[in-house]
Amino acid sequence: MYILYSFRLAFQSLWREKWINLLSVLTIAAGLFMITLTFFVVYNIDLATKKLPARFSVMLYLNDGLSEQETGDVIALVKKNNAVEQTRYITKDKALQELKGVLKNADYILEGLGENPLPASIEIKLKKESVNIESVKKFAADIKKIKGIAEVEYGEQFLNSIHSIKGMAEAGSLSLIIVMSAGVIFVCYSAIKIAFYRRKEEIETFKLLGATRGFIRAPFVIEGSVLGISGGIASAAAAFAFYYVLFYKVTAAIPILKILVFPLETFPALLLCSLLIGIGGAVIALGRIRFS
Amino acid sequence: MIHFSNVTKFYEKQAAVKNITFSVEKGEMVFMTGPSGAGKSTLLKIIYLSEKPDEGSVTIAEWDLSKIKESSIPFLRRNIGVVFQDFRLLDNRNVFDNVAIALRIRGMLDGEIQEWVMEILKMVNLRHKADSFPLALSGGEQQRVVIARAIVGEPTILLADEPTGNLDSDTAAGITRLFKEINARGTTVVIATHNKELYRNTGRRVFRLDGGNMVGEELG
């Protein structure tokens, strides 16, 4: 078995060029850390938008003077729509009461109004899959056709903004992750290419003595894996420091940041990715080994 | 064991060997001789697949070199021990490791390697130099390390390119004795040399080359 010998060759080579390799590891670590932070941002944006359906609602304002029967008919028709998850009927009096609750000590501004100016309304929670711009627009248009509904309101601008922020963040992050990953692979590629050229004569001799491609490649692939995983460990350490500072130090000063989530699965994934990047860089650097 | 049929090899339109035909039987020891540039090294390179012939066909131990798959080349090379003219020793490894590499490539275990390499070093009288590095050895000692590395894997064919090139006559005689011993064990030996002393009175076949042509065959 030549695998132990391959490990020996790989570690000898890593040690011989220890400073260049250390620099490569730190560069890989920096790249992976940037990828981790980007992933953290995307993850939290995604999480926030996933919570949106639970908080999102559509308000239907009813015409004044609808009888109990007519109101019941409207609610029944609304409930028939497939996008509807839940409805809540708010009478004129309840609406005023809720407004007073919101205004708290400033409820004096409602004094002297005489008649209650607020319309009765229906608050609708939509099904998760229906909370997107197209579905909500269509729902609003359909529902507005029901007789007895005066107005439909759902914060179109807010929904649009959230969607475009999410889209931009995802596209930007994906681009950054691709660029940074390519950079990290290139660092591994360069490190292995240099090691390969440094040992070119030796490799030629190995070939003439009957070495297979596996025997020649193995030490370099091990070298690439070690560089990659070392970078991964360093970036995981940096990511852990970031996690610790953010969740134990910064949140004490800024409690709102407690809503942020750092997925701990990132750590094993980071190590696996760094290993694959190291192997990938080495394999690309070695290319096709020819014997004649 | 080795069969060349009308083999020609060009280097930038200049023929290094032209229309060469010869055969070497299993267990035979032959010499190739001729002045520098005669094509001796090219013929050896074709045998160990470092060069491909442009014309003609070559068969080595039942392997037709024109049909051999690239992935099979390492396995054919393991049957051919080569004493390179420029030694090709690994300067950053000691004598033991230089010889052992031929066995590591074959996937042999460390325990077997230790035993086998020391046995071969004893045969070439270099056991006491096992921990030395190539640059600390004399030319004759380096040559013997290369021979040890070439034969440690028990190849069926041993090729030697100018094996006594820069050696004094006593050391050259010792190297020649070594080749005869190896041949006596059944290994086919092909030696390229311009040193007449090496083949004189050996009774072995000598192929004479000049300007890339096979100009004659005689008994040494």
# chains A, B, ... in the order shown; residues from 1 in each chain; ligands from 1

call {"tool": "interface_residues", "arguments": {"of": "chain B", "to": "chain A", "cutoff": "12 Å", "atoms": "only C-alpha atoms", "output": "MDAnalysis selection string"}}
result
chainID B and resid 45:53 65:66 68:84 86:93 97:113 146 149:153 155

call {"tool": "select_by_dssp", "arguments": {"residues": "range 123-222 of chain A", "states": "helix (DSSP H, G or I)", "output": "PyMOL selection string"}}
result
chain A and resi 128-130+133-144+156-198+200-209+213-222

call {"tool": "write_last_selection", "arguments": {"atoms": "C-alpha atoms", "output": "PDB file, in the first residue's frame"}}
result
ATOM      1  CA  LYS A 128     -48.115  30.296   3.081  1.00  0.00           C
ATOM      2  CA  GLU A 129     -47.736  29.470  -0.594  1.00  0.00           C
ATOM      3  CA  SER A 130     -50.020  32.345  -1.587  1.00  0.00           C
ATOM      4  CA  ILE A 133     -46.690  39.326  -5.226  1.00  0.00           C
ATOM      5  CA  GLU A 134     -48.496  37.623  -8.101  1.00  0.00           C
ATOM      6  CA  SER A 135     -50.835  35.516  -5.954  1.00  0.00           C
ATOM      7  CA  VAL A 136     -51.710  38.373  -3.622  1.00  0.00           C
ATOM      8  CA  LYS A 137     -52.411  40.719  -6.561  1.00  0.00           C
ATOM      9  CA  LYS A 138     -54.659  38.137  -8.169  1.00  0.00           C
ATOM     10  CA  PHE A 139     -56.394  37.429  -4.854  1.00  0.00           C
ATOM     11  CA  ALA A 140     -57.036  41.140  -4.293  1.00  0.00           C
ATOM     12  CA  ALA A 141     -58.455  41.565  -7.794  1.00  0.00           C
ATOM     13  CA  ASP A 142     -60.738  38.514  -7.429  1.00  0.00           C
ATOM     14  CA  ILE A 143     -61.967  39.447  -3.989  1.00  0.00           C
ATOM     15  CA  LYS A 144     -62.705  43.039  -4.964  1.00  0.00           C
ATOM     16  CA  GLU A 156     -48.433  46.213  -2.016  1.00  0.00           C
ATOM     17  CA  GLN A 157     -45.362  48.422  -1.787  1.00  0.00           C
ATOM     18  CA  PHE A 158     -44.127  46.643   1.349  1.00  0.00           C
ATOM     19  CA  LEU A 159     -44.509  43.243  -0.299  1.00  0.00           C
ATOM     20  CA  ASN A 160     -42.708  44.491  -3.422  1.00  0.00           C
ATOM     21  CA  SER A 161     -39.849  45.929  -1.378  1.00  0.00           C
ATOM     22  CA  ILE A 162     -39.377  42.756   0.658  1.00  0.00           C
ATOM     23  CA  HIS A 163     -39.351  40.715  -2.522  1.00  0.00           C
ATOM     24  CA  SER A 164     -36.836  42.886  -4.333  1.00  0.00           C
ATOM     25  CA  ILE A 165     -34.582  43.110  -1.237  1.00  0.00           C
ATOM     26  CA  LYS A 166     -34.650  39.324  -0.941  1.00  0.00           C
ATOM     27  CA  GLY A 167     -33.980  38.905  -4.670  1.00  0.00           C
ATOM     28  CA  MET A 168     -31.097  41.361  -4.673  1.00  0.00           C
ATOM     29  CA  ALA A 169     -29.573  39.906  -1.515  1.00  0.00           C
ATOM     30  CA  GLU A 170     -29.793  36.382  -2.930  1.00  0.00           C
ATOM     31  CA  ALA A 171     -28.332  37.323  -6.320  1.00  0.00           C
ATOM     32  CA  GLY A 172     -25.551  39.403  -4.738  1.00  0.00           C
ATOM     33  CA  SER A 173     -24.700  36.724  -2.212  1.00  0.00           C
ATOM     34  CA  LEU A 174     -24.739  33.973  -4.798  1.00  0.00           C
ATOM     35  CA  SER A 175     -22.386  35.970  -7.028  1.00  0.00           C
ATOM     36  CA  LEU A 176     -20.108  36.678  -4.078  1.00  0.00           C
ATOM     37  CA  ILE A 177     -20.134  33.013  -3.019  1.00  0.00           C
ATOM     38  CA  ILE A 178     -19.282  31.911  -6.587  1.00  0.00           C
ATOM     39  CA  VAL A 179     -16.465  34.461  -6.933  1.00  0.00           C
ATOM     40  CA  MET A 180     -15.030  33.697  -3.489  1.00  0.00           C
ATOM     41  CA  SER A 181     -15.255  29.916  -4.077  1.00  0.00           C
ATOM     42  CA  ALA A 182     -13.463  30.306  -7.405  1.00  0.00           C
ATOM     43  CA  GLY A 183     -10.820  32.378  -5.615  1.00  0.00           C
ATOM     44  CA  VAL A 184     -10.353  29.759  -2.907  1.00  0.00           C
ATOM     45  CA  ILE A 185     -10.105  26.963  -5.494  1.00  0.00           C
ATOM     46  CA  PHE A 186      -7.553  29.056  -7.391  1.00  0.00           C
ATOM     47  CA  VAL A 187      -5.421  29.446  -4.255  1.00  0.00           C
ATOM     48  CA  CYS A 188      -5.406  25.645  -3.797  1.00  0.00           C
ATOM     49  CA  TYR A 189      -4.731  25.196  -7.507  1.00  0.00           C
ATOM     50  CA  SER A 190      -1.731  27.562  -7.393  1.00  0.00           C
ATOM     51  CA  ALA A 191      -0.259  25.980  -4.269  1.00  0.00           C
ATOM     52  CA  ILE A 192      -0.455  22.490  -5.799  1.00  0.00           C
ATOM     53  CA  LYS A 193       0.767  23.660  -9.216  1.00  0.00           C
ATOM     54  CA  ILE A 194       3.850  25.183  -7.574  1.00  0.00           C
ATOM     55  CA  ALA A 195       4.479  21.992  -5.590  1.00  0.00           C
ATOM     56  CA  PHE A 196       4.031  19.938  -8.762  1.00  0.00           C
ATOM     57  CA  TYR A 197       6.541  22.015 -10.765  1.00  0.00           C
ATOM     58  CA  ARG A 198       9.013  21.945  -7.894  1.00  0.00           C
ATOM     59  CA  LYS A 200       8.694  17.762 -11.754  1.00  0.00           C
ATOM     60  CA  GLU A 201      12.040  15.957 -12.085  1.00  0.00           C
ATOM     61  CA  GLU A 202      11.161  13.550  -9.307  1.00  0.00           C
ATOM     62  CA  ILE A 203       7.760  12.862 -10.887  1.00  0.00           C
ATOM     63  CA  GLU A 204       9.411  12.140 -14.247  1.00  0.00           C
ATOM     64  CA  THR A 205      11.665   9.611 -12.515  1.00  0.00           C
ATOM     65  CA  PHE A 206       8.659   8.047 -10.757  1.00  0.00           C
ATOM     66  CA  LYS A 207       6.927   7.670 -14.126  1.00  0.00           C
ATOM     67  CA  LEU A 208       9.964   5.976 -15.665  1.00  0.00           C
ATOM     68  CA  LEU A 209      10.121   3.592 -12.715  1.00  0.00           C
ATOM     69  CA  ARG A 213      -1.290   8.030 -12.067  1.00  0.00           C
ATOM     70  CA  GLY A 214      -2.723   7.249  -8.628  1.00  0.00           C
ATOM     71  CA  PHE A 215       0.742   7.014  -7.076  1.00  0.00           C
ATOM     72  CA  ILE A 216       1.771  10.348  -8.616  1.00  0.00           C
ATOM     73  CA  ARG A 217      -1.462  12.154  -7.835  1.00  0.00           C
ATOM     74  CA  ALA A 218      -2.086  10.907  -4.295  1.00  0.00           C
ATOM     75  CA  PRO A 219       0.470  13.117  -2.440  1.00  0.00           C
ATOM     76  CA  PHE A 220      -0.766  16.235  -4.241  1.00  0.00           C
ATOM     77  CA  VAL A 221      -4.418  15.449  -3.590  1.00  0.00           C
ATOM     78  CA  ILE A 222      -3.532  14.886   0.084  1.00  0.00           C
TER      79      ILE A 222
END

call {"tool": "residues_around", "arguments": {"residues": "Glu217 in chain B", "least_positions_apart": "6", "cutoff": "6 Å", "atoms": "only C-alpha atoms", "output": "list in words"}}
result
Val206, Phe207 and Arg208 of chain B

call {"tool": "residues_around", "arguments": {"residues": "Lys51 in chain A", "least_positions_apart": "5", "cutoff": "12 Å", "atoms": "only C-alpha atoms", "output": "number ranges by chain"}}
result
A: 44-46, 56, 128, 131, 162, 259

call {"tool": "atom_distance", "arguments": {"atom1": "CA of Ser5 in chain B", "atom2": "CA of Gly56 in chain B"}}
result
5.6 Å

call {"tool": "residues_around", "arguments": {"residues": "Arg204 in chain B", "least_positions_apart": "6", "cutoff": "6 Å", "atoms": "only C-alpha atoms", "output": "list in words"}}
result
Val30, Leu219 and Gly220 of chain B

call {"tool": "write_last_selection", "arguments": {"atoms": "C-alpha atoms", "output": "mmCIF file, in the first residue's frame"}}
result
data_model
loop_
_atom_site.group_PDB
_atom_site.id
_atom_site.type_symbol
_atom_site.label_atom_id
_atom_site.label_comp_id
_atom_site.auth_asym_id
_atom_site.auth_seq_id
_atom_site.Cartn_x
_atom_site.Cartn_y
_atom_site.Cartn_z
ATOM 1 C CA VAL B 30 23.574 -7.782 -25.724
ATOM 2 C CA LEU B 219 30.210 -11.174 -31.265
ATOM 3 C CA GLY B 220 32.140 -9.401 -28.542
#

call {"tool": "closest_residue", "arguments": {"among": "A:Leu270, A:Ile229, A:Ile146, A:Ala285", "to": "Leu37 in chain A", "atoms": "only C-alpha atoms"}}
result
A:Leu270

call {"tool": "residues_around", "arguments": {"residues": "Ala120 in chain A", "least_positions_apart": "2", "cutoff": "10 Å", "atoms": "only C-alpha atoms", "output": "VMD selection string"}}
result
chain A and resid 60 to 66 71 89 to 96 117 to 118 122 149
